[in-house]
>>> print(open('final.csv').read())   # CSV, C-alpha atoms
chain,number,residue,atom,x,y,z
A,1,MET,CA,0.0,0.0,0.0
A,2,GLY,CA,2.9,2.3,0.8
A,3,TRP,CA,4.0,2.6,-2.8
A,4,ILE,CA,0.5,3.3,-4.2
A,5,GLY,CA,-0.1,5.9,-1.5
A,6,GLU,CA,3.1,7.6,-2.3
A,7,GLN,CA,2.2,7.8,-6.0
A,8,ILE,CA,-1.2,9.2,-5.2
A,9,ASP,CA,0.4,11.8,-3.0
A,10,SER,CA,2.9,12.7,-5.7
A,11,VAL,CA,0.0,13.3,-8.1
A,12,LYS,CA,-1.9,15.4,-5.6
A,13,SER,CA,1.1,17.5,-4.7
A,14,MET,CA,1.7,18.4,-8.4
A,15,GLN,CA,1.7,22.0,-9.4
A,16,PHE,CA,-0.1,23.2,-12.4
A,17,ARG,CA,3.2,24.1,-14.1
A,18,GLN,CA,4.6,20.7,-13.5
A,19,LEU,CA,1.4,19.1,-14.9
A,20,LEU,CA,1.9,21.2,-18.0
A,21,THR,CA,5.5,20.0,-18.4
A,22,GLN,CA,4.4,16.4,-18.1
A,23,ALA,CA,1.7,16.9,-20.7
A,24,VAL,CA,4.2,18.4,-23.1
A,25,SER,CA,6.7,15.6,-22.6
A,26,LEU,CA,3.9,13.0,-23.2
A,27,GLY,CA,3.0,14.9,-26.4
A,28,MET,CA,6.7,14.9,-27.4
A,29,ILE,CA,6.8,11.1,-27.1
A,30,VAL,CA,3.7,10.5,-29.1
A,31,THR,CA,4.6,13.0,-31.9
A,32,SER,CA,8.2,11.7,-32.2
A,33,ALA,CA,6.8,8.2,-32.7
A,34,LEU,CA,4.5,9.5,-35.4
A,35,ILE,CA,7.4,11.4,-37.0
A,36,ILE,CA,9.5,8.3,-37.1
A,37,TRP,CA,6.7,6.2,-38.7
A,38,LYS,CA,5.9,8.9,-41.3
A,39,GLY,CA,9.6,9.4,-42.0
A,40,LEU,CA,10.0,5.7,-42.6
A,41,MET,CA,7.0,5.9,-45.0
A,42,CYS,CA,8.8,8.6,-47.0
A,43,ILE,CA,12.1,6.8,-47.1
A,44,THR,CA,10.8,3.4,-48.1
A,45,GLY,CA,8.1,4.6,-50.4
A,46,SER,CA,5.7,2.0,-48.9
A,47,GLU,CA,2.6,2.8,-47.0
A,48,SER,CA,3.4,0.3,-44.3
A,49,PRO,CA,7.2,0.1,-44.0
A,50,VAL,CA,7.1,-2.6,-41.4
A,51,VAL,CA,4.8,-5.6,-41.3
A,52,VAL,CA,4.4,-8.5,-38.9
A,53,VAL,CA,4.2,-12.0,-40.2
A,54,LEU,CA,0.9,-13.5,-39.1
A,55,SER,CA,0.8,-16.9,-40.8
A,56,GLY,CA,3.2,-19.8,-41.3
A,57,SER,CA,2.9,-19.9,-45.0
A,58,MET,CA,6.5,-18.7,-45.6
A,59,GLU,CA,8.0,-21.2,-43.0
A,60,PRO,CA,10.8,-22.0,-42.4
A,61,GLY,CA,12.0,-18.6,-43.6
A,62,PHE,CA,9.5,-16.4,-41.8
A,63,LYS,CA,7.6,-17.6,-38.8
A,64,ARG,CA,4.6,-16.0,-37.1
A,65,GLY,CA,5.7,-13.0,-35.1
A,66,ASP,CA,8.7,-12.1,-37.3
A,67,ILE,CA,9.0,-8.6,-38.6
A,68,LEU,CA,9.7,-7.6,-42.2
A,69,PHE,CA,11.0,-4.3,-43.5
A,70,LEU,CA,9.5,-3.3,-46.8
A,71,HIS,CA,10.7,-1.1,-49.6
A,72,MET,CA,8.8,0.0,-52.6
A,73,SER,CA,10.9,1.3,-55.5
A,74,LYS,CA,10.1,1.9,-59.2
A,75,GLU,CA,12.2,-1.1,-60.2
A,76,PRO,CA,10.4,-3.9,-62.0
A,77,ILE,CA,9.1,-6.8,-60.0
A,78,ARG,CA,11.0,-10.0,-60.6
A,79,ALA,CA,10.6,-13.7,-59.8
A,80,GLY,CA,11.9,-14.7,-56.4
A,81,GLU,CA,11.2,-11.5,-54.6
A,82,ILE,CA,9.0,-11.6,-51.5
A,83,VAL,CA,6.2,-9.1,-52.0
A,84,VAL,CA,3.5,-7.9,-49.7
A,85,PHE,CA,0.2,-7.6,-51.6
A,86,ASN,CA,-3.4,-6.6,-50.9
A,87,VAL,CA,-6.2,-8.6,-52.6
A,88,ASP,CA,-9.5,-6.8,-53.3
A,89,GLY,CA,-12.0,-7.8,-50.7
A,90,ARG,CA,-9.4,-8.9,-48.2
A,91,GLU,CA,-8.3,-6.6,-45.4
A,92,ILE,CA,-5.1,-8.3,-44.3
A,93,PRO,CA,-2.1,-8.0,-46.6
A,94,ILE,CA,-0.3,-11.2,-47.6
A,95,VAL,CA,3.5,-11.8,-47.7
A,96,HIS,CA,4.4,-14.4,-50.4
A,97,ARG,CA,7.1,-15.0,-53.0
A,98,VAL,CA,6.7,-14.2,-56.7
A,99,ILE,CA,7.0,-17.3,-58.9
A,100,LYS,CA,5.9,-16.1,-62.3
A,101,VAL,CA,6.2,-12.7,-64.0
A,102,HIS,CA,4.9,-11.6,-67.4
A,103,GLU,CA,5.8,-8.0,-68.3
A,104,ARG,CA,4.3,-6.2,-71.3
A,105,GLU,CA,6.5,-4.6,-73.9
A,106,GLY,CA,6.5,-0.8,-73.6
A,107,SER,CA,3.8,-0.1,-71.0
A,108,GLY,CA,5.7,-2.0,-68.4
A,109,GLU,CA,2.4,-3.4,-67.1
A,110,VAL,CA,3.0,-6.6,-65.3
A,111,ASP,CA,1.2,-9.9,-64.4
A,112,VAL,CA,2.5,-11.6,-61.3
A,113,LEU,CA,1.8,-14.9,-59.7
A,114,THR,CA,2.8,-15.6,-56.0
A,115,LYS,CA,3.1,-18.6,-53.8
A,116,GLY,CA,3.9,-19.2,-50.1
A,117,ASP,CA,7.1,-21.2,-49.7
A,118,ASN,CA,5.3,-23.5,-47.3
A,119,ASN,CA,2.1,-23.8,-49.3
A,120,PHE,CA,1.5,-26.7,-51.7
A,121,GLY,CA,-0.1,-24.7,-54.5
A,122,ASP,CA,0.1,-21.2,-55.8
A,123,ASP,CA,-2.0,-18.3,-54.6
A,124,ARG,CA,-4.8,-18.2,-57.1
A,125,LEU,CA,-7.2,-19.6,-54.5
A,126,LEU,CA,-6.4,-16.6,-52.3
A,127,TYR,CA,-7.0,-14.0,-55.0
A,128,ALA,CA,-10.4,-12.5,-55.6
A,129,GLU,CA,-12.7,-14.8,-57.5
A,130,GLY,CA,-11.7,-15.2,-61.1
A,131,GLN,CA,-8.5,-13.3,-60.6
A,132,MET,CA,-5.6,-15.0,-62.3
A,133,TRP,CA,-2.7,-12.5,-61.7
A,134,LEU,CA,-1.6,-9.7,-59.4
A,135,GLN,CA,-1.0,-6.3,-61.0
A,136,ARG,CA,1.4,-3.6,-59.9
A,137,HIS,CA,-1.3,-1.7,-57.9
A,138,HIS,CA,-1.9,-4.8,-55.7
A,139,ILE,CA,1.6,-4.8,-54.4
A,140,MET,CA,2.5,-2.7,-51.4
A,141,GLY,CA,6.2,-3.4,-51.2
A,142,ARG,CA,8.9,-6.0,-51.3
A,143,ALA,CA,10.6,-7.4,-48.2
A,144,VAL,CA,14.3,-6.3,-47.9
A,145,GLY,CA,15.1,-7.0,-44.2
A,146,PHE,CA,14.1,-9.3,-41.4
A,147,LEU,CA,14.0,-9.3,-37.6
A,148,PRO,CA,12.8,-12.3,-35.7
A,149,TYR,CA,10.3,-12.5,-32.8
A,150,VAL,CA,9.8,-8.7,-32.3
A,151,GLY,CA,6.4,-8.8,-33.9
A,152,TRP,CA,5.1,-11.0,-31.1
A,153,VAL,CA,4.6,-7.7,-29.1
A,154,THR,CA,1.9,-6.5,-31.5
A,155,ILE,CA,0.4,-10.0,-32.0
A,156,ILE,CA,-0.1,-10.3,-28.2
A,157,MET,CA,-1.5,-6.8,-27.9
A,158,THR,CA,-4.0,-7.2,-30.7
A,159,GLU,CA,-5.2,-10.6,-29.4
A,160,GLN,CA,-5.2,-9.7,-25.8
A,161,PRO,CA,-6.4,-6.0,-25.6
A,162,ILE,CA,-6.3,-6.1,-21.8
A,163,ILE,CA,-2.5,-6.3,-21.9
A,164,LYS,CA,-2.4,-3.3,-24.3
A,165,TYR,CA,-4.5,-1.2,-21.9
A,166,LEU,CA,-2.5,-2.3,-18.9
A,167,LEU,CA,0.7,-1.4,-20.6
A,168,ILE,CA,-0.6,2.0,-21.8
A,169,GLY,CA,-2.0,2.7,-18.3
A,170,ALA,CA,1.3,1.8,-16.6
A,171,LEU,CA,3.3,3.9,-19.0
A,172,GLY,CA,1.0,6.8,-18.6
A,173,LEU,CA,1.2,6.6,-14.8
A,174,LEU,CA,5.0,6.4,-15.0
A,175,VAL,CA,5.1,9.6,-17.2
A,176,ILE,CA,2.7,11.4,-14.9
A,177,THR,CA,4.3,10.4,-11.6
A,178,SER,CA,8.0,10.7,-12.7
A,179,LYS,CA,9.8,13.7,-11.3
A,180,GLU,CA,12.2,15.4,-13.7
B,1,MET,CA,16.0,8.8,-8.0
B,2,HIS,CA,17.3,5.3,-8.1
B,3,SER,CA,13.9,3.7,-7.7
B,4,PHE,CA,13.0,0.2,-8.9
B,5,GLY,CA,11.2,1.5,-11.9
B,6,TYR,CA,14.1,3.7,-12.9
B,7,ARG,CA,16.6,0.8,-12.7
B,8,ALA,CA,14.3,-1.6,-14.6
B,9,ASN,CA,13.8,1.0,-17.3
B,10,ALA,CA,17.6,1.6,-17.6
B,11,LEU,CA,18.3,-2.2,-17.8
B,12,LEU,CA,15.6,-2.8,-20.4
B,13,THR,CA,16.8,0.1,-22.6
B,14,PHE,CA,20.4,-1.0,-22.3
B,15,SER,CA,19.8,-4.6,-23.1
B,16,LEU,CA,17.6,-3.7,-26.1
B,17,THR,CA,20.2,-1.3,-27.4
B,18,ILE,CA,22.9,-4.0,-27.2
B,19,LEU,CA,20.6,-6.6,-28.8
B,20,ALA,CA,19.8,-4.2,-31.7
B,21,LEU,CA,23.5,-3.4,-32.1
B,22,MET,CA,24.5,-7.1,-32.2
B,23,ALA,CA,21.8,-7.8,-34.8
B,24,ALA,CA,23.0,-4.9,-36.9
B,25,MET,CA,26.6,-6.1,-36.7
B,26,ALA,CA,25.6,-9.7,-37.6
B,27,SER,CA,23.7,-8.5,-40.7
B,28,PHE,CA,26.6,-6.2,-41.6
B,29,SER,CA,29.1,-9.0,-41.4
B,30,ASP,CA,27.3,-10.7,-44.3
B,31,ASN,CA,28.8,-8.1,-46.6
B,32,PHE,CA,32.3,-9.6,-46.2
B,33,ASN,CA,31.2,-12.9,-47.7
B,34,SER,CA,32.1,-13.0,-51.4
B,35,PRO,CA,30.5,-16.3,-52.6
B,36,SER,CA,31.5,-18.3,-55.7
B,37,PRO,CA,28.5,-20.4,-56.5
B,38,ALA,CA,28.5,-22.8,-59.4
B,39,ALA,CA,25.6,-24.5,-61.2
B,40,HIS,CA,24.9,-26.8,-64.2
B,41,VAL,CA,21.5,-27.3,-65.7
B,42,GLN,CA,20.5,-29.5,-68.6
B,43,VAL,CA,17.1,-30.1,-70.3
B,44,LEU,CA,17.0,-33.9,-70.5
B,45,ASN,CA,13.7,-34.2,-72.3
B,46,VAL,CA,10.7,-32.3,-73.5
B,47,ASN,CA,7.8,-34.5,-72.3
B,48,ARG,CA,4.9,-32.7,-73.9
B,49,PHE,CA,4.3,-29.5,-75.8
B,50,GLN,CA,0.8,-28.5,-76.7
B,51,ASN,CA,-1.5,-25.6,-77.3
B,52,ARG,CA,-4.2,-25.4,-74.6
B,53,PRO,CA,-7.8,-24.9,-75.5
B,54,ASN,CA,-7.6,-21.3,-74.4
B,55,GLY,CA,-4.8,-20.6,-76.8
B,56,ASP,CA,-1.8,-20.7,-74.4
B,57,ASP,CA,1.2,-22.8,-75.0
B,58,GLU,CA,2.2,-25.3,-72.3
B,59,ILE,CA,5.4,-27.3,-72.1
B,60,GLY,CA,6.5,-30.0,-69.8
B,61,MET,CA,10.2,-31.0,-69.4
B,62,THR,CA,12.6,-33.0,-67.4
B,63,LEU,CA,15.6,-31.2,-66.0
B,64,SER,CA,18.9,-32.2,-64.5
B,65,ILE,CA,20.0,-29.6,-62.0
B,66,SER,CA,23.3,-29.6,-60.1
B,67,ALA,CA,24.7,-26.8,-58.1
B,68,ASP,CA,27.2,-26.0,-55.4
B,69,LEU,CA,25.9,-23.1,-53.2
B,70,GLN,CA,27.9,-23.8,-50.1
B,71,SER,CA,29.8,-20.6,-50.3
B,72,LEU,CA,26.6,-18.6,-49.9
B,73,PHE,CA,26.3,-19.7,-46.3
B,74,THR,CA,27.6,-17.5,-43.5
B,75,TRP,CA,27.0,-17.7,-39.7
B,76,ASN,CA,24.0,-15.4,-40.2
B,77,THR,CA,22.3,-17.5,-42.8
B,78,LYS,CA,19.0,-19.2,-41.9
B,79,GLN,CA,18.2,-20.7,-45.2
B,80,VAL,CA,18.8,-20.3,-48.9
B,81,PHE,CA,15.8,-20.4,-51.2
B,82,VAL,CA,16.9,-21.6,-54.7
B,83,PHE,CA,14.8,-21.7,-57.8
B,84,LEU,CA,15.3,-22.3,-61.5
B,85,ALA,CA,13.4,-19.9,-63.8
B,86,ALA,CA,12.8,-20.0,-67.5
B,87,GLU,CA,13.3,-16.5,-68.9
B,88,TYR,CA,12.4,-15.3,-72.4
B,89,GLY,CA,10.9,-12.5,-74.3
B,90,THR,CA,7.9,-12.7,-76.7
B,91,PRO,CA,6.3,-10.2,-79.1
B,92,LYS,CA,3.6,-9.7,-76.4
B,93,ASN,CA,5.7,-9.6,-73.3
B,94,ALA,CA,9.2,-8.0,-73.1
B,95,MET,CA,10.0,-10.2,-70.0
B,96,ASN,CA,8.6,-13.5,-68.9
B,97,GLN,CA,9.9,-15.4,-65.9
B,98,VAL,CA,8.4,-18.8,-65.1
B,99,SER,CA,9.7,-20.7,-62.1
B,100,LEU,CA,10.1,-24.3,-63.0
B,101,TRP,CA,11.6,-25.8,-59.8
B,102,ASP,CA,12.5,-24.5,-56.3
B,103,GLY,CA,13.9,-25.8,-53.1
B,104,ILE,CA,14.8,-24.6,-49.6
B,105,ILE,CA,18.3,-25.4,-48.3
B,106,GLN,CA,18.7,-25.0,-44.5
B,107,LEU,CA,22.1,-26.7,-44.0
B,108,LYS,CA,25.4,-25.9,-45.6
B,109,GLU,CA,26.0,-29.6,-46.1
B,110,ASP,CA,22.9,-29.8,-48.3
B,111,ALA,CA,23.9,-26.9,-50.5
B,112,LYS,CA,25.8,-29.1,-52.9
B,113,PHE,CA,23.2,-31.1,-54.7
B,114,SER,CA,22.3,-32.8,-57.9
B,115,THR,CA,18.8,-33.7,-58.9
B,116,LYS,CA,16.7,-34.8,-61.8
B,117,VAL,CA,13.2,-33.3,-61.8
B,118,LYS,CA,10.1,-32.6,-63.9
B,119,ASN,CA,9.0,-29.0,-63.8
B,120,LYS,CA,7.3,-28.4,-60.5
B,121,TYR,CA,5.2,-25.5,-61.7
B,122,ARG,CA,3.3,-25.5,-65.0
B,123,PHE,CA,5.2,-23.8,-67.8
B,124,ILE,CA,2.5,-21.9,-69.5
B,125,ASP,CA,3.0,-18.9,-71.8
B,126,GLN,CA,0.6,-16.0,-72.2
B,127,GLY,CA,-0.3,-16.7,-75.7
B,128,SER,CA,1.2,-19.2,-78.3
B,129,ASN,CA,4.8,-17.9,-78.6
B,130,LEU,CA,6.8,-20.9,-77.4
B,131,ARG,CA,7.5,-22.7,-80.7
B,132,GLY,CA,11.1,-22.4,-81.5
B,133,ARG,CA,11.6,-19.8,-78.7
B,134,ASP,CA,15.0,-19.4,-77.2
B,135,ILE,CA,14.8,-19.4,-73.4
B,136,ASN,CA,17.4,-18.8,-70.7
B,137,LEU,CA,17.4,-21.1,-67.8
B,138,THR,CA,18.5,-19.1,-64.8
B,139,LEU,CA,19.3,-20.3,-61.3
B,140,HIS,CA,18.2,-17.7,-58.7
B,141,TRP,CA,18.9,-17.8,-55.0
B,142,HIS,CA,17.5,-15.7,-52.2
B,143,ILE,CA,19.4,-15.8,-48.9
B,144,MET,CA,17.3,-15.4,-45.7
B,145,PRO,CA,19.3,-14.3,-42.8
B,146,LYS,CA,18.8,-15.1,-39.1
B,147,THR,CA,18.5,-11.4,-38.8
B,148,GLY,CA,18.9,-8.3,-41.0
B,149,LYS,CA,19.2,-7.7,-44.7
B,150,MET,CA,18.2,-10.3,-47.3
B,151,PHE,CA,20.4,-11.0,-50.3
B,152,ALA,CA,19.5,-12.3,-53.8
B,153,ASP,CA,21.5,-13.1,-56.9
B,154,LYS,CA,21.3,-15.3,-60.0
B,155,LEU,CA,23.4,-17.2,-62.5
B,156,VAL,CA,22.3,-17.6,-66.1
B,157,VAL,CA,23.1,-21.3,-66.5
B,158,THR,CA,22.2,-22.3,-70.0
B,159,GLY,CA,20.2,-21.3,-73.1
B,160,PHE,CA,17.8,-23.7,-74.7
B,161,GLN,CA,15.7,-23.6,-77.8
B,162,LEU,CA,12.2,-25.1,-77.5
B,163,PRO,CA,11.0,-27.5,-80.2
B,164,HIS,CA,9.5,-26.0,-83.4
B,165,SER,CA,6.4,-28.1,-83.3
B,166,TYR,CA,3.8,-29.3,-80.8
B,167,ARG,CA,4.0,-33.0,-79.7
>>> encode(input="final.csv", output="C-alpha cells")
Amino acid sequence: MGWIGEQIDSVKSMQFRQLLTQAVSLGMIVTSALIIWKGLMCITGSESPVVVVLSGSMEPGFKRGDILFLHMSKEPIRAGEIVVFNVDGREIPIVHRVIKVHEREGSGEVDVLTKGDNNFGDDRLLYAEGQMWLQRHHIMGRAVGFLPYVGWVTIIMTEQPIIKYLLIGALGLLVITSKE
Amino acid sequence: MHSFGYRANALLTFSLTILALMAAMASFSDNFNSPSPAAHVQVLNVNRFQNRPNGDDEIGMTLSISADLQSLFTWNTKQVFVFLAAEYGTPKNAMNQVSLWDGIIQLKEDAKFSTKVKNKYRFIDQGSNLRGRDINLTLHWHIMPKTGKMFADKLVVTGFQLPHSYR
C-alpha cells in the first residue's frame, strides 16, 4: 500500500506548471513516434514500412511473429522477390514469393503470380474470384530486411487487448508520476 | 531517483540497445562474404508440348540440376531459397519469368546437390509464342538471414531452344 499511497500523494502534490511539463513531454513522445513512422514511409516509399508475419505460409523462412521491413521502388518486380500484396476484398495483406512474371512490352504493365514457400499450391485460391494475376497496384512493397520475434509484441497486444490497456496505463502513470 | 522503476527501465533500454547493435553487426558481417556459386542445368527431355484450349502454349520438361551453393552460407544464414526460372521474351511480353523448380536449403551440407526433376510448376506462356523460342534457364537464389538484410542473386546457367512443333 505504501507505494501506491506515495504515488497518489505525488500526483496530488503536483503543481499546475509541473502538470503542463508532463503533458508536453507526453506529447513529445507521441509525436516523435509519429514522425519516425511517417519518415520511414517517406524513405521506403511503402505505405506500411514494417509488417508483422501472421501466418506460417512462408516457413521455415518467416515464422509467425517475425518482422519484415518493406521497400517500394520503381524497379520492376522479378521472380523470387518476396512481396506484400493486398487482394481486393481482403483486409489483411499477404507476404508471399513471386514465382511467375509476365511483363508487357512498352507499357511495363506486369502480371505476377505468387506462392507461399510452405504452401503446396500457388495463390490463385487466395486471390479474388476469377483473378488470375496480381498487378502492380496490388503490391505494397517488397521485403528487404528481417527481424525475428519482435512482432510478437503486436500480436499479443491485438489478441489480448487487456494487456495493451494495462501497458498503456502503466506507461501513462509512469510519465505522470515521474519527477524530472 | 534510483527507484526500482528507474533501474528496470535503464536495464531494459540498455539490453535492447545491445541486442539491436548485435543484430545490426551480424547483418553487416554478411557483406564480407564473397560467394562463388556454381551450377549446371540441362534439359533432359521435352515430355509434352501443346496448345491449350484457351490458346496458351504449355510445355513439360525433365531437367537435370546440379549446383554448389555452399559458399553462400555464413553464420547469419538461416536458409537459402533456390529456384530455376525460364526467362524469355515474346512479341507480347518483353519479359517472362516462369519458375520451374524450387527448393529450400537450410544446411550448408545440403547446399551441394544434384537432382533430376520434372518441372514443379506449370510452364504456360501468355499466348502461343513458345514454338522455336530461345529461353534462358537461370538459377536464382534468395538468402534469408537469421536477422537483417536479405540478399538475392542469380546465375544464367544455360540457353535452350524449344521445339519447333507441338508434340
>>> atom_distance(input="final.csv", atom1="CA of Pro91 (chain B)", atom2="CA of Met132 (chain A)")
21.1 Å
>>> interface_residues(input="final.csv", of="chain A", to="chain B", cutoff="10 Å", atoms="only C-alpha atoms", output="MDAnalysis selection string")
chainID A and resid 60:62 66:69 78:82 98:113 117:118 121:122 143:148 174 178:180
>>> atom_distance(input="final.csv", atom1="CA of Trp37 (chain A)", atom2="CA of Pro49 (chain A)")
8.1 Å
>>> atom_distance(input="final.csv", atom1="CA of Ser46 (chain A)", atom2="CA of Met140 (chain A)")
6.2 Å
>>> closest_residue(input="final.csv", among="A:Leu70, A:Ile35, A:Ile94, A:Val87", to="Ser57 (chain A)", atoms="all atoms listed in the file")
A:Ile94
>>> closest_residue(input="final.csv", among="A:Gln18, A:Thr177, A:Thr31, A:Ser48", to="Pro93 (chain A)", atoms="only C-alpha atoms")
A:Ser48
>>> decode(input="final.csv", residues="region 57-71 of chain B", atoms="N, CA and C atoms", output="PDB file, in the first residue's frame")
ATOM      1  N   ASP B  57       0.309 -21.689 -74.886  1.00  0.00           N
ATOM      2  CA  ASP B  57       1.230 -22.812 -75.030  1.00  0.00           C
ATOM      3  C   ASP B  57       1.620 -23.365 -73.665  1.00  0.00           C
ATOM      4  N   GLU B  58       1.714 -24.685 -73.577  1.00  0.00           N
ATOM      5  CA  GLU B  58       2.206 -25.297 -72.347  1.00  0.00           C
ATOM      6  C   GLU B  58       3.261 -26.330 -72.696  1.00  0.00           C
ATOM      7  N   ILE B  59       4.306 -26.354 -71.884  1.00  0.00           N
ATOM      8  CA  ILE B  59       5.388 -27.298 -72.141  1.00  0.00           C
ATOM      9  C   ILE B  59       5.752 -28.002 -70.842  1.00  0.00           C
ATOM     10  N   GLY B  60       6.059 -29.290 -70.965  1.00  0.00           N
ATOM     11  CA  GLY B  60       6.506 -30.038 -69.793  1.00  0.00           C
ATOM     12  C   GLY B  60       7.872 -30.625 -70.086  1.00  0.00           C
ATOM     13  N   MET B  61       8.805 -30.484 -69.143  1.00  0.00           N
ATOM     14  CA  MET B  61      10.162 -30.970 -69.421  1.00  0.00           C
ATOM     15  C   MET B  61      10.800 -31.638 -68.207  1.00  0.00           C
ATOM     16  N   THR B  62      11.803 -32.437 -68.486  1.00  0.00           N
ATOM     17  CA  THR B  62      12.587 -33.045 -67.425  1.00  0.00           C
ATOM     18  C   THR B  62      13.948 -32.360 -67.386  1.00  0.00           C
ATOM     19  N   LEU B  63      14.347 -31.961 -66.183  1.00  0.00           N
ATOM     20  CA  LEU B  63      15.564 -31.180 -66.020  1.00  0.00           C
ATOM     21  C   LEU B  63      16.555 -31.881 -65.111  1.00  0.00           C
ATOM     22  N   SER B  64      17.815 -31.705 -65.420  1.00  0.00           N
ATOM     23  CA  SER B  64      18.860 -32.155 -64.515  1.00  0.00           C
ATOM     24  C   SER B  64      19.538 -30.907 -63.949  1.00  0.00           C
ATOM     25  N   ILE B  65      19.488 -30.772 -62.632  1.00  0.00           N
ATOM     26  CA  ILE B  65      20.030 -29.575 -61.982  1.00  0.00           C
ATOM     27  C   ILE B  65      21.106 -29.992 -61.000  1.00  0.00           C
ATOM     28  N   SER B  66      22.288 -29.430 -61.120  1.00  0.00           N
ATOM     29  CA  SER B  66      23.295 -29.648 -60.081  1.00  0.00           C
ATOM     30  C   SER B  66      23.938 -28.309 -59.760  1.00  0.00           C
ATOM     31  N   ALA B  67      24.180 -28.081 -58.477  1.00  0.00           N
ATOM     32  CA  ALA B  67      24.725 -26.785 -58.059  1.00  0.00           C
ATOM     33  C   ALA B  67      25.523 -26.934 -56.776  1.00  0.00           C
ATOM     34  N   ASP B  68      26.447 -26.037 -56.612  1.00  0.00           N
ATOM     35  CA  ASP B  68      27.211 -25.954 -55.361  1.00  0.00           C
ATOM     36  C   ASP B  68      27.045 -24.542 -54.804  1.00  0.00           C
ATOM     37  N   LEU B  69      26.169 -24.416 -53.809  1.00  0.00           N
ATOM     38  CA  LEU B  69      25.875 -23.102 -53.241  1.00  0.00           C
ATOM     39  C   LEU B  69      26.427 -22.952 -51.832  1.00  0.00           C
ATOM     40  N   GLN B  70      27.375 -23.819 -51.481  1.00  0.00           N
ATOM     41  CA  GLN B  70      27.862 -23.822 -50.096  1.00  0.00           C
ATOM     42  C   GLN B  70      28.505 -22.502 -49.701  1.00  0.00           C
ATOM     43  N   SER B  71      29.114 -21.812 -50.686  1.00  0.00           N
ATOM     44  CA  SER B  71      29.810 -20.574 -50.331  1.00  0.00           C
ATOM     45  C   SER B  71      28.843 -19.437 -49.994  1.00  0.00           C
TER      46      SER B  71
END
